[in-house]
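Peer 1: start.cif is reproduced below (mmCIF, C-alpha atoms and all ligand atoms).
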data_structure
loop_
_atom_site.group_PDB
_atom_site.id
_atom_site.type_symbol
_atom_site.label_atom_id
_atom_site.label_comp_id
_atom_site.auth_asym_id
_atom_site.auth_seq_id
_atom_site.Cartn_x
_atom_site.Cartn_y
_atom_site.Cartn_z
ATOM 1 C CA MET A 985 -44.657 11.813 5.144
ATOM 2 C CA LYS A 986 -44.363 14.479 2.420
ATOM 3 C CA TRP A 987 -42.536 17.779 2.850
ATOM 4 C CA SER A 988 -43.380 21.029 1.082
ATOM 5 C CA PRO A 989 -40.375 22.622 -0.683
ATOM 6 C CA GLU A 990 -40.395 25.465 1.901
ATOM 7 C CA ALA A 991 -40.419 22.988 4.818
ATOM 8 C CA GLU A 992 -37.623 20.962 3.191
ATOM 9 C CA ALA A 993 -35.517 24.097 2.683
ATOM 10 C CA ALA A 994 -36.111 25.178 6.299
ATOM 11 C CA ILE A 995 -35.166 21.787 7.756
ATOM 12 C CA ASN A 996 -31.951 21.803 5.724
ATOM 13 C CA LYS A 997 -30.942 25.031 7.454
ATOM 14 C CA VAL A 998 -31.144 23.443 10.925
ATOM 15 C CA PRO A 999 -27.609 22.763 12.251
ATOM 16 C CA PHE A 1000 -26.582 19.298 11.029
ATOM 17 C CA PHE A 1001 -25.972 17.860 14.510
ATOM 18 C CA ILE A 1002 -29.626 18.273 15.506
ATOM 19 C CA ARG A 1003 -31.225 18.119 12.025
ATOM 20 C CA LYS A 1004 -32.122 14.441 12.236
ATOM 21 C CA GLN A 1005 -33.765 14.817 15.650
ATOM 22 C CA VAL A 1006 -35.702 17.950 14.618
ATOM 23 C CA LYS A 1007 -36.860 16.262 11.409
ATOM 24 C CA LYS A 1008 -38.089 13.205 13.327
ATOM 25 C CA LYS A 1009 -39.957 15.393 15.824
ATOM 26 C CA VAL A 1010 -41.559 17.488 13.082
ATOM 27 C CA ALA A 1011 -42.775 14.365 11.279
ATOM 28 C CA ALA A 1012 -44.202 12.901 14.525
ATOM 29 C CA HIS A 1013 -45.867 16.233 15.371
ATOM 30 C CA VAL A 1014 -47.535 16.435 11.936
ATOM 31 C CA GLU A 1015 -48.611 12.782 12.092
ATOM 32 C CA ASN A 1016 -50.228 13.418 15.499
ATOM 33 C CA LEU A 1017 -52.202 16.205 13.889
ATOM 34 C CA GLY A 1018 -53.524 13.680 11.358
ATOM 35 C CA ARG A 1019 -51.740 15.212 8.384
ATOM 36 C CA SER A 1020 -49.386 13.697 5.851
ATOM 37 C CA MET A 1021 -47.743 16.906 4.601
ATOM 38 C CA VAL A 1022 -45.225 19.007 6.535
ATOM 39 C CA HIS A 1023 -45.484 22.774 6.010
ATOM 40 C CA LEU A 1024 -43.064 25.550 6.847
ATOM 41 C CA ALA A 1025 -45.039 26.539 9.968
ATOM 42 C CA ASP A 1026 -44.552 23.032 11.431
ATOM 43 C CA VAL A 1027 -40.783 23.301 11.080
ATOM 44 C CA THR A 1028 -40.763 26.787 12.617
ATOM 45 C CA VAL A 1029 -42.695 25.654 15.712
ATOM 46 C CA LEU A 1030 -40.509 22.616 16.370
ATOM 47 C CA LYS A 1031 -37.273 24.483 15.626
ATOM 48 C CA GLN A 1032 -38.158 27.013 18.321
ATOM 49 C CA GLN A 1033 -38.735 24.209 20.828
ATOM 50 C CA PHE A 1034 -35.222 22.896 20.174
ATOM 51 C CA LEU A 1035 -33.340 26.159 20.023
ATOM 52 C CA THR A 1036 -34.891 28.141 22.882
ATOM 53 C CA LYS A 1037 -33.078 28.171 26.235
ATOM 54 C CA GLY A 1038 -33.392 24.777 27.912
ATOM 55 C CA GLY A 1039 -35.374 23.442 24.944
ATOM 56 C CA MET A 1040 -32.546 21.303 23.611
ATOM 57 C CA ALA A 1041 -31.862 19.733 27.023
ATOM 58 C CA LYS A 1042 -35.469 18.484 27.124
ATOM 59 C CA GLN A 1043 -35.022 16.733 23.759
ATOM 60 C CA VAL A 1044 -31.677 15.036 24.488
ATOM 61 C CA LYS A 1045 -32.056 11.354 25.377
ATOM 62 C CA GLY A 1046 -28.385 10.633 26.090
ATOM 63 C CA TYR A 1047 -27.662 8.415 23.135
ATOM 64 C CA ASP A 1048 -28.262 8.112 19.435
ATOM 65 C CA ILE A 1049 -28.253 4.920 17.406
ATOM 66 C CA SER A 1050 -28.429 5.320 13.658
ATOM 67 C CA ALA A 1051 -28.499 2.765 10.872
ATOM 68 C CA CYS A 1052 -27.962 2.712 7.122
ATOM 69 C CA PHE A 1053 -30.665 1.696 4.636
ATOM 70 C CA GLY A 1054 -29.403 -1.856 4.266
ATOM 71 C CA SER A 1055 -32.503 -3.459 5.777
ATOM 72 C CA ALA A 1056 -34.697 -1.512 3.332
ATOM 73 C CA GLY A 1057 -33.317 -3.705 0.565
ATOM 74 C CA CYS A 1058 -29.992 -2.145 -0.362
ATOM 75 C CA PRO A 1059 -28.279 -4.572 -2.782
ATOM 76 C CA HIS A 1060 -24.857 -3.857 -1.255
ATOM 77 C CA ALA A 1061 -25.707 -5.242 2.208
ATOM 78 C CA ALA A 1062 -22.985 -7.721 3.225
ATOM 79 C CA CYS A 1063 -24.284 -8.636 6.693
ATOM 80 C CA SER A 1064 -27.409 -7.186 8.275
ATOM 81 C CA THR A 1065 -27.125 -5.150 11.462
ATOM 82 C CA ALA A 1066 -30.941 -4.841 11.730
ATOM 83 C CA ASP A 1067 -31.329 -7.328 14.616
ATOM 84 C CA LEU A 1068 -28.496 -5.670 16.523
ATOM 85 C CA MET A 1069 -30.403 -2.401 16.693
ATOM 86 C CA THR A 1070 -32.883 -3.616 19.340
ATOM 87 C CA ASP A 1071 -30.293 -5.358 21.506
ATOM 88 C CA LEU A 1072 -27.944 -2.377 21.359
ATOM 89 C CA GLU A 1073 -30.738 0.018 22.215
ATOM 90 C CA ASN A 1074 -31.589 -2.129 25.258
ATOM 91 C CA LEU A 1075 -27.946 -2.132 26.341
ATOM 92 C CA VAL A 1076 -27.654 1.634 26.035
ATOM 93 C CA LYS A 1077 -30.950 2.168 27.847
ATOM 94 C CA GLN A 1078 -29.761 -0.061 30.701
ATOM 95 C CA ALA A 1079 -26.587 2.044 30.936
ATOM 96 C CA ASP A 1080 -28.858 5.089 31.514
ATOM 97 C CA ILE A 1081 -26.478 7.543 29.907
ATOM 98 C CA LEU A 1082 -28.974 10.367 30.271
ATOM 99 C CA SER A 1083 -28.846 10.196 34.096
ATOM 100 C CA PHE A 1084 -25.076 9.834 33.916
ATOM 101 C CA LEU A 1085 -24.769 12.998 31.799
ATOM 102 C CA LYS A 1086 -27.295 14.934 33.869
ATOM 103 C CA ALA A 1087 -25.363 14.128 37.042
ATOM 104 C CA SER A 1088 -22.380 16.102 35.763
ATOM 105 C CA LEU A 1089 -23.899 18.566 33.302
ATOM 106 C CA GLY A 1090 -27.352 19.297 34.727
ATOM 107 C CA GLU A 1091 -29.430 21.310 32.273
ATOM 108 C CA ASN A 1092 -26.358 22.090 30.136
ATOM 109 C CA ILE A 1093 -26.740 18.780 28.381
ATOM 110 C CA LYS A 1094 -26.613 19.090 24.570
ATOM 111 C CA PHE A 1095 -26.861 16.786 21.585
ATOM 112 C CA HIS A 1096 -23.118 16.706 21.101
ATOM 113 C CA HIS A 1097 -22.803 15.026 24.519
ATOM 114 C CA GLU A 1098 -24.869 12.036 23.413
ATOM 115 C CA PHE A 1099 -23.236 8.639 23.033
ATOM 116 C CA ARG A 1100 -23.442 7.738 19.341
ATOM 117 C CA ILE A 1101 -23.587 4.315 17.778
ATOM 118 C CA ALA A 1102 -23.770 3.944 13.988
ATOM 119 C CA LEU A 1103 -24.665 0.700 12.250
ATOM 120 C CA CYS A 1104 -24.125 -0.066 8.580
ATOM 121 C CA ASP A 1105 -24.494 -3.237 6.555
ATOM 122 C CA CYS A 1106 -21.425 -2.877 4.334
ATOM 123 C CA PRO A 1107 -18.125 -0.983 4.101
ATOM 124 C CA ASN A 1108 -19.764 1.835 2.117
ATOM 125 C CA ALA A 1109 -20.559 3.097 5.597
ATOM 126 C CA CYS A 1110 -23.542 5.296 4.717
ATOM 127 C CA SER A 1111 -24.364 5.899 8.402
ATOM 128 C CA ARG A 1112 -20.811 7.283 8.947
ATOM 129 C CA PRO A 1113 -19.550 4.880 11.639
ATOM 130 C CA GLN A 1114 -16.109 6.503 11.351
ATOM 131 C CA ILE A 1115 -17.346 9.545 13.308
ATOM 132 C CA ALA A 1116 -19.469 7.699 15.898
ATOM 133 C CA ASP A 1117 -18.346 6.655 19.365
ATOM 134 C CA ILE A 1118 -18.938 3.075 18.249
ATOM 135 C CA GLY A 1119 -19.373 2.008 14.634
ATOM 136 C CA ILE A 1120 -20.568 -1.462 13.649
ATOM 137 C CA MET A 1121 -20.111 -2.499 10.023
ATOM 138 C CA GLY A 1122 -21.537 -5.645 8.434
ATOM 139 C CA ALA A 1123 -18.915 -7.603 6.488
ATOM 140 C CA ALA A 1124 -18.594 -10.756 4.376
ATOM 141 C CA VAL A 1125 -15.218 -12.453 3.959
ATOM 142 C CA PRO A 1126 -14.638 -14.017 0.512
ATOM 143 C CA VAL A 1127 -12.771 -17.256 -0.052
ATOM 144 C CA VAL A 1128 -11.465 -18.900 -3.245
ATOM 145 C CA LYS A 1129 -12.789 -22.459 -3.585
ATOM 146 C CA ASN A 1130 -11.525 -25.335 -5.681
ATOM 147 C CA THR A 1131 -14.377 -25.258 -8.164
ATOM 148 C CA ASP A 1132 -13.557 -24.525 -11.822
ATOM 149 C CA CYS A 1133 -13.289 -20.837 -12.606
ATOM 150 C CA THR A 1134 -14.684 -19.674 -15.968
ATOM 151 C CA GLY A 1135 -12.217 -16.804 -16.220
ATOM 152 C CA CYS A 1136 -15.071 -14.343 -16.800
ATOM 153 C CA ASN A 1137 -13.247 -11.658 -14.809
ATOM 154 C CA PHE A 1138 -16.478 -10.410 -13.201
ATOM 155 C CA CYS A 1139 -14.893 -10.535 -9.744
ATOM 156 C CA VAL A 1140 -11.960 -8.357 -10.835
ATOM 157 C CA GLN A 1141 -14.261 -5.824 -12.456
ATOM 158 C CA VAL A 1142 -16.725 -5.560 -9.564
ATOM 159 C CA CYS A 1143 -14.226 -5.127 -6.725
ATOM 160 C CA PRO A 1144 -14.180 -1.427 -5.714
ATOM 161 C CA ASP A 1145 -10.822 -1.849 -3.994
ATOM 162 C CA GLN A 1146 -8.745 -3.596 -6.677
ATOM 163 C CA ALA A 1147 -8.302 -6.445 -4.227
ATOM 164 C CA VAL A 1148 -8.918 -9.221 -6.776
ATOM 165 C CA THR A 1149 -6.416 -10.212 -9.461
ATOM 166 C CA PHE A 1150 -6.719 -13.109 -11.865
ATOM 167 C CA THR A 1151 -3.753 -15.469 -12.235
ATOM 168 C CA GLU A 1152 -3.479 -16.993 -15.704
ATOM 169 C CA ILE A 1153 -1.202 -19.778 -14.435
ATOM 170 C CA GLU A 1154 -3.551 -21.036 -11.695
ATOM 171 C CA GLU A 1155 -6.633 -19.873 -13.621
ATOM 172 C CA LYS A 1156 -8.101 -18.608 -10.378
ATOM 173 C CA PRO A 1157 -8.517 -15.233 -8.671
ATOM 174 C CA VAL A 1158 -6.296 -14.160 -5.797
ATOM 175 C CA ILE A 1159 -7.575 -11.853 -3.077
ATOM 176 C CA ASP A 1160 -5.251 -9.335 -1.469
ATOM 177 C CA GLN A 1161 -6.350 -9.462 2.168
ATOM 178 C CA ASP A 1162 -4.761 -6.077 2.899
ATOM 179 C CA LEU A 1163 -6.931 -4.381 0.274
ATOM 180 C CA CYS A 1164 -10.125 -6.400 0.745
ATOM 181 C CA GLN A 1165 -12.827 -4.526 2.674
ATOM 182 C CA CYS A 1166 -15.053 -7.609 3.002
ATOM 183 C CA CYS A 1167 -17.981 -6.145 1.082
ATOM 184 C CA GLY A 1168 -18.877 -9.505 -0.488
ATOM 185 C CA ARG A 1169 -19.554 -8.122 -3.982
ATOM 186 C CA CYS A 1170 -17.146 -10.487 -5.751
ATOM 187 C CA THR A 1171 -18.944 -13.521 -4.318
ATOM 188 C CA GLN A 1172 -22.309 -12.169 -5.502
ATOM 189 C CA VAL A 1173 -21.216 -11.970 -9.150
ATOM 190 C CA CYS A 1174 -19.252 -15.227 -9.407
ATOM 191 C CA PRO A 1175 -21.275 -17.592 -11.637
ATOM 192 C CA ALA A 1176 -19.110 -20.637 -10.867
ATOM 193 C CA HIS A 1177 -19.078 -20.471 -7.040
ATOM 194 C CA THR A 1178 -15.296 -20.247 -7.199
ATOM 195 C CA LEU A 1179 -15.629 -17.257 -4.920
ATOM 196 C CA GLU A 1180 -17.874 -17.826 -1.946
ATOM 197 C CA THR A 1181 -18.523 -16.255 1.430
ATOM 198 C CA ALA A 1182 -16.304 -17.857 4.059
ATOM 199 C CA ARG A 1183 -18.083 -16.110 6.913
ATOM 200 C CA THR A 1184 -20.053 -13.006 7.771
ATOM 201 C CA GLY A 1185 -19.768 -10.816 10.851
ATOM 202 C CA PHE A 1186 -19.130 -7.291 12.009
ATOM 203 C CA ARG A 1187 -16.207 -4.910 11.931
ATOM 204 C CA ILE A 1188 -15.991 -2.627 14.978
ATOM 205 C CA LEU A 1189 -14.770 0.978 14.948
ATOM 206 C CA LEU A 1190 -14.209 2.909 18.147
ATOM 207 C CA GLY A 1191 -13.780 6.522 19.157
ATOM 208 C CA GLY A 1192 -14.774 8.704 16.202
ATOM 209 C CA ARG A 1193 -16.094 12.251 16.601
ATOM 210 C CA LEU A 1194 -16.699 15.536 14.792
ATOM 211 C CA GLY A 1195 -16.767 18.947 16.467
ATOM 212 C CA ARG A 1196 -13.831 21.196 17.314
ATOM 213 C CA HIS A 1197 -11.320 18.384 17.417
ATOM 214 C CA PRO A 1198 -12.503 15.797 14.899
ATOM 215 C CA ARG A 1199 -11.058 12.330 14.825
ATOM 216 C CA LEU A 1200 -11.800 9.215 12.795
ATOM 217 C CA ALA A 1201 -12.578 6.042 14.712
ATOM 218 C CA LEU A 1202 -9.966 3.320 15.043
ATOM 219 C CA GLU A 1203 -10.885 -0.152 13.855
ATOM 220 C CA MET A 1204 -10.467 -3.163 16.132
ATOM 221 C CA PRO A 1205 -8.642 -5.888 14.231
ATOM 222 C CA GLY A 1206 -10.747 -8.821 13.056
ATOM 223 C CA LEU A 1207 -14.364 -9.710 12.507
ATOM 224 C CA TYR A 1208 -16.813 -10.134 15.381
ATOM 225 C CA SER A 1209 -19.930 -12.225 15.941
ATOM 226 C CA TYR A 1210 -23.283 -10.829 17.072
ATOM 227 C CA ASP A 1211 -22.624 -11.756 20.721
ATOM 228 C CA GLN A 1212 -19.090 -10.410 20.613
ATOM 229 C CA VAL A 1213 -20.401 -7.056 19.359
ATOM 230 C CA LEU A 1214 -22.755 -6.861 22.342
ATOM 231 C CA THR A 1215 -19.877 -7.693 24.710
ATOM 232 C CA VAL A 1216 -17.636 -5.004 23.183
ATOM 233 C CA VAL A 1217 -20.391 -2.378 23.360
ATOM 234 C CA ARG A 1218 -21.182 -3.304 26.978
ATOM 235 C CA THR A 1219 -17.488 -2.998 27.879
ATOM 236 C CA CYS A 1220 -17.179 0.348 26.098
ATOM 237 C CA LEU A 1221 -20.215 1.750 27.913
ATOM 238 C CA ASP A 1222 -18.749 0.662 31.278
ATOM 239 C CA PHE A 1223 -15.401 2.216 30.354
ATOM 240 C CA TYR A 1224 -17.083 5.444 29.263
ATOM 241 C CA LYS A 1225 -19.133 5.747 32.445
ATOM 242 C CA THR A 1226 -16.101 5.017 34.606
ATOM 243 C CA HIS A 1227 -13.742 7.518 32.955
ATOM 244 C CA SER A 1228 -15.793 10.275 31.339
ATOM 245 C CA LYS A 1229 -16.001 13.524 33.316
ATOM 246 C CA ASN A 1230 -18.153 16.564 32.521
ATOM 247 C CA GLY A 1231 -19.591 15.148 29.329
ATOM 248 C CA GLN A 1232 -16.278 14.094 27.732
ATOM 249 C CA ARG A 1233 -16.842 12.088 24.584
ATOM 250 C CA PHE A 1234 -15.726 8.473 24.424
ATOM 251 C CA SER A 1235 -13.062 9.295 21.817
ATOM 252 C CA LEU A 1236 -11.501 11.937 24.066
ATOM 253 C CA LEU A 1237 -10.905 9.228 26.642
ATOM 254 C CA PHE A 1238 -8.860 7.348 24.053
ATOM 255 C CA THR A 1239 -6.751 10.448 23.428
ATOM 256 C CA ARG A 1240 -6.291 11.118 27.130
ATOM 257 C CA ILE A 1241 -5.319 7.552 27.922
ATOM 258 C CA ASN A 1242 -2.926 7.445 24.936
ATOM 259 C CA GLN A 1243 -1.198 10.492 26.361
ATOM 260 C CA VAL A 1244 -0.960 9.086 29.870
ATOM 261 C CA ILE A 1245 0.006 5.532 28.977
ATOM 262 C CA PRO A 1246 2.771 5.098 26.370
ATOM 263 C CA PRO A 1247 1.769 2.390 23.828
ATOM 264 C CA GLU A 1248 4.645 0.067 24.830
ATOM 265 C CA SER A 1249 3.370 -0.136 28.417
ATOM 266 C CA GLY A 1250 -0.087 -1.170 27.237
HETATM 267 S S1 LIG A 1301 -23.853 1.086 4.075
HETATM 268 FE FE1 LIG A 1301 -23.941 -0.396 2.390
HETATM 269 S S2 LIG A 1301 -25.766 -1.636 2.821
HETATM 270 FE FE2 LIG A 1301 -25.937 0.240 4.006
HETATM 271 S S3 LIG A 1301 -27.124 1.638 2.723
HETATM 272 FE FE3 LIG A 1301 -24.946 2.059 2.367
HETATM 273 S S4 LIG A 1301 -24.431 0.834 0.574
HETATM 274 FE FE4 LIG A 1301 -26.356 -0.005 1.394
HETATM 275 S S1 LIG A 1302 -15.088 -8.756 -0.735
HETATM 276 FE FE1 LIG A 1302 -15.287 -6.755 -1.754
HETATM 277 S S2 LIG A 1302 -13.334 -5.726 -1.360
HETATM 278 FE FE2 LIG A 1302 -13.024 -7.906 -0.940
HETATM 279 S S3 LIG A 1302 -12.247 -8.738 -2.834
HETATM 280 FE FE3 LIG A 1302 -14.461 -9.051 -2.870
HETATM 281 S S4 LIG A 1302 -15.266 -7.244 -3.924
HETATM 282 FE FE4 LIG A 1302 -13.155 -6.773 -3.339
HETATM 283 S S1 LIG A 1303 -13.812 -16.439 -9.720
HETATM 284 FE FE1 LIG A 1303 -15.879 -16.390 -10.500
HETATM 285 S S2 LIG A 1303 -16.217 -14.269 -11.119
HETATM 286 FE FE2 LIG A 1303 -14.022 -14.547 -10.867
HETATM 287 S S3 LIG A 1303 -13.259 -15.020 -12.895
HETATM 288 FE FE3 LIG A 1303 -13.680 -16.988 -11.896
HETATM 289 S S4 LIG A 1303 -15.775 -17.510 -12.412
HETATM 290 FE FE4 LIG A 1303 -15.503 -15.359 -12.950
#
Can the structure from this file be put into structure tokens for me?
Peer 2:
Amino acid sequence: MKWSPEAEAAINKVPFFIRKQVKKKVAAHVENLGRSMVHLADVTVLKQQFLTKGGMAKQVKGYDISACFGSAGCPHAACSTADLMTDLENLVKQADILSFLKASLGENIKFHHEFRIALCDCPNACSRPQIADIGIMGAAVPVVKNTDCTGCNFCVQVCPDQAVTFTEIEEKPVIDQDLCQCCGRCTQVCPAHTLETARTGFRILLGGRLGRHPRLALEMPGLYSYDQVLTVVRTCLDFYKTHSKNGQRFSLLFTRINQVIPPESG
């Protein structure tokens, strides 16, 4: 779908928290009309539908799942989250968050009430999992093998986090696990297979948000398998539906529970 400069400028003025949804709707609307170019008038019509009284409530579906461009061939992808998208969407649909939100908010439901999941295929985090209720990040853990290292230094140069150093005595790289973000780039450039991928999986971040009281998500320690991700998300959705009142975001529940329960008592 192509956008005229005027349509592009107009869509960029839509508040950021609904821009993606409005853009999607405009594109679908224009496609239904059998056109491949969006004009300013198309944006104006759809914008009115969203911003008039009650219009936004009709567009809210209760959740939003976004992904990075890893599956479109991004060379930085460490572990694909593409297959997770369908299973997560099914889980969230089963949880019927829209009915849950409507039960307490009625027609006051807005986009900022939606439960947000962001998927990305590497720690560059282009889909911003740090500000989603749940963020899932593909990761690849490197390991140093016993094969001969050429000393080319490619791994040191490519690491964005200065996590690799080369030891002249052992003639091998050493990875600082505290600095390593598990992006897998060092393994991709190693010509001698001295650095290889030990395992791939997903990092999980919980409880991020923007808005009036922004907060970055907290990361669960460790790396999780596909099935474990689904279990964590299922558990989080249950927790959210049990504790959230009047549209409270998932991350606010963390804050509230932290205040009520001192960390030492669990
Ligand atoms: S998060 Fe990583 S894999 Fe996804 S688009 Fe960004 S750089 Fe590419
Ligand atoms: S996996 Fe990424 S962050 Fe970790 S050492 Fe290799 S290049 Fe650096
Ligand atoms: S581990 Fe691989 S990339 Fe790093 S210096 Fe040795 S051969 Fe080169």
Peer 1: Have a look at atom S1 of ligand LIG 1302 (chain A) and atom CA of Arg1199 of chain A and let me know their distance in Å, one decimal.
Peer 2: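 Answer for the atom S1 of ligand LIG 1302 (chain A) to atom CA of Arg1199 of chain A separation: 26.5 Å.
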Peer 1: Near Phe1053 of chain A, counting all atoms listed in the file, which residues have an atom at most 12 Å away, once you skip same-chain residues fewer than 6 positions from it, shown as a ChimeraX atom specification?
Peer 2: /A:1059-1061,1064-1066,1102-1106,1108-1111
Peer 1: Residues within 9 Å of ligand LIG 1303 (chain A), counting all atoms listed in the file: report them as a count of residues only.
Peer 2: 32
Peer 1: Once the PyMOL selection byres (((chain A and resi 1095) around 10) and not hetatm) has been applied to the shown file, what residues remain in the selection, as a PyMOL selection string?
Peer 2: chain A and resi 1001-1002+1005+1040-1041+1043-1048+1093-1094+1096-1100
Peer 1: Could you give me the axis-aligned bounding box of segment 1052-1057 of chain A, with 6 Å of padding per side, as centre plus edge lengths in Å to one decimal, as AutoDock Vina command-line options?
Peer 2:
--center_x -31.3 --center_y -0.5 --center_z 3.8 --size_x 18.7 --size_y 18.4 --size_z 18.6
Peer 1: Please identify every residue of chain A that has at least one atom no farther than 8 Å from an atom of ligand LIG 1302 (chain A), counting only C-alpha atoms and all ligand atoms, and for each give the shortest atom pair and the distance in Å to one decimal, arranged by chain then increasing number, as JSON lines.
Peer 2:
{"residue": "A:Ala1124", "atom": "CA", "partner": "A:LIG1302", "partner_atom": "S1", "distance": 6.5}
{"residue": "A:Val1125", "atom": "CA", "partner": "A:LIG1302", "partner_atom": "S1", "distance": 6.0}
{"residue": "A:Pro1126", "atom": "CA", "partner": "A:LIG1302", "partner_atom": "S1", "distance": 5.4}
{"residue": "A:Cys1139", "atom": "CA", "partner": "A:LIG1302", "partner_atom": "S4", "distance": 6.7}
{"residue": "A:Val1140", "atom": "CA", "partner": "A:LIG1302", "partner_atom": "S4", "distance": 7.7}
{"residue": "A:Val1142", "atom": "CA", "partner": "A:LIG1302", "partner_atom": "S4", "distance": 6.1}
{"residue": "A:Cys1143", "atom": "CA", "partner": "A:LIG1302", "partner_atom": "S4", "distance": 3.7}
{"residue": "A:Pro1144", "atom": "CA", "partner": "A:LIG1302", "partner_atom": "FE4", "distance": 5.9}
{"residue": "A:Asp1145", "atom": "CA", "partner": "A:LIG1302", "partner_atom": "S2", "distance": 5.3}
{"residue": "A:Gln1146", "atom": "CA", "partner": "A:LIG1302", "partner_atom": "FE4", "distance": 6.4}
{"residue": "A:Ala1147", "atom": "CA", "partner": "A:LIG1302", "partner_atom": "S3", "distance": 4.8}
{"residue": "A:Val1148", "atom": "CA", "partner": "A:LIG1302", "partner_atom": "S3", "distance": 5.2}
{"residue": "A:Ile1159", "atom": "CA", "partner": "A:LIG1302", "partner_atom": "S3", "distance": 5.6}
{"residue": "A:Asp1160", "atom": "CA", "partner": "A:LIG1302", "partner_atom": "S3", "distance": 7.2}
{"residue": "A:Gln1161", "atom": "CA", "partner": "A:LIG1302", "partner_atom": "FE2", "distance": 7.5}
{"residue": "A:Leu1163", "atom": "CA", "partner": "A:LIG1302", "partner_atom": "S2", "distance": 6.7}
{"residue": "A:Cys1164", "atom": "CA", "partner": "A:LIG1302", "partner_atom": "FE2", "distance": 3.7}
{"residue": "A:Gln1165", "atom": "CA", "partner": "A:LIG1302", "partner_atom": "S2", "distance": 4.2}
{"residue": "A:Cys1166", "atom": "CA", "partner": "A:LIG1302", "partner_atom": "S1", "distance": 3.9}
{"residue": "A:Cys1167", "atom": "CA", "partner": "A:LIG1302", "partner_atom": "FE1", "distance": 4.0}
{"residue": "A:Gly1168", "atom": "CA", "partner": "A:LIG1302", "partner_atom": "S1", "distance": 3.9}
{"residue": "A:Arg1169", "atom": "CA", "partner": "A:LIG1302", "partner_atom": "S4", "distance": 4.4}
{"residue": "A:Cys1170", "atom": "CA", "partner": "A:LIG1302", "partner_atom": "S4", "distance": 4.2}
{"residue": "A:Thr1171", "atom": "CA", "partner": "A:LIG1302", "partner_atom": "FE3", "distance": 6.5}
Peer 1: Just checking: using all atoms listed in the file, which residue out of A:Lys1042, A:His1023, A:Lys1008, A:Arg1112 ends up closest to ligand LIG 1301 (chain A)?
Peer 2: A:Arg1112
Peer 1: So, counting only C-alpha atoms and all ligand atoms, which residue among A:Leu1089, A:Leu1221, A:Cys1063, A:Leu1068 is closest to ligand LIG 1301 (chain A)?
Peer 2: A:Cys1063
Peer 1: Name all residues at most 7 Å from segment 1207-1218 of chain A (count only C-alpha atoms; drop same-chain ones fewer than 5 positions away) and give them as a PyMOL selection string.
Peer 2: chain A and resi 1072+1075+1185-1187
Peer 1: Restricted to C-alpha atoms, what would the selected residues look like written as a short mmCIF file (atom, residue, chain, number, x, y, z; two decimals), in the frame of the given file?
Peer 2:
data_model
loop_
_atom_site.label_atom_id
_atom_site.label_comp_id
_atom_site.auth_asym_id
_atom_site.auth_seq_id
_atom_site.Cartn_x
_atom_site.Cartn_y
_atom_site.Cartn_z
CA LEU A 1072 -27.94 -2.38 21.36
CA LEU A 1075 -27.95 -2.13 26.34
CA GLY A 1185 -19.77 -10.82 10.85
CA PHE A 1186 -19.13 -7.29 12.01
CA ARG A 1187 -16.21 -4.91 11.93
#
Peer 1: Leaving out segment 1227-1238 of chain A and any residue of its chain fewer than 3 positions from it, which residues lie within 9 Å of it when counting only C-alpha atoms, given as an MDAnalysis selection string?
Peer 2: chainID A and resid 1084:1089 1093 1096:1099 1116:1118 1190:1193 1199 1201 1220:1224 1241:1243
Peer 1: What does the structure give for the distance between atom CA of Val1027 of chain A and atom CA of Val1010 of chain A, in Å to one decimal?
Peer 2: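 So the two atoms, atom CA of Val1027 of chain A and atom CA of Val1010 of chain A, lie 6.2 Å apart.
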Peer 1: As an exercise, work out the distance from atom CA of Ile1188 of chain A to atom CA of Pro1107 of chain A in Å and give it to one decimal place.
Peer 2: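 Spanning atom CA of Ile1188 of chain A to atom CA of Pro1107 of chain A is a straight-line distance of 11.2 Å.
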Peer 1: Run the PyMOL selection byres (((chain A and resi 1021) around 12) and not hetatm) on the file and write out the hits as a list in words.
Peer 2: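 That selection, the PyMOL selection byres (((chain A and resi 1021) around 12) and not hetatm), comes back as Met985, Lys986, Trp987, Ser988, Pro989, Glu990, Ala991, Glu992, Val1010, Ala1011, Ala1012, His1013, Val1014, Glu1015, Asn1016, Leu1017, Gly1018, Arg1019, Ser1020, Val1022, His1023, Leu1024, Ala1025, Asp1026 and Val1027 of chain A.
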Peer 1: Measuring atom to atom with only C-alpha atoms and all ligand atoms, identify which of A:Ile1101, A:Ala1123, A:Ala994, A:Ala1079 is nearest to ligand LIG 1301 (chain A).
Peer 2: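 Closest to ligand LIG 1301 (chain A) of all the choices is A:Ala1123.
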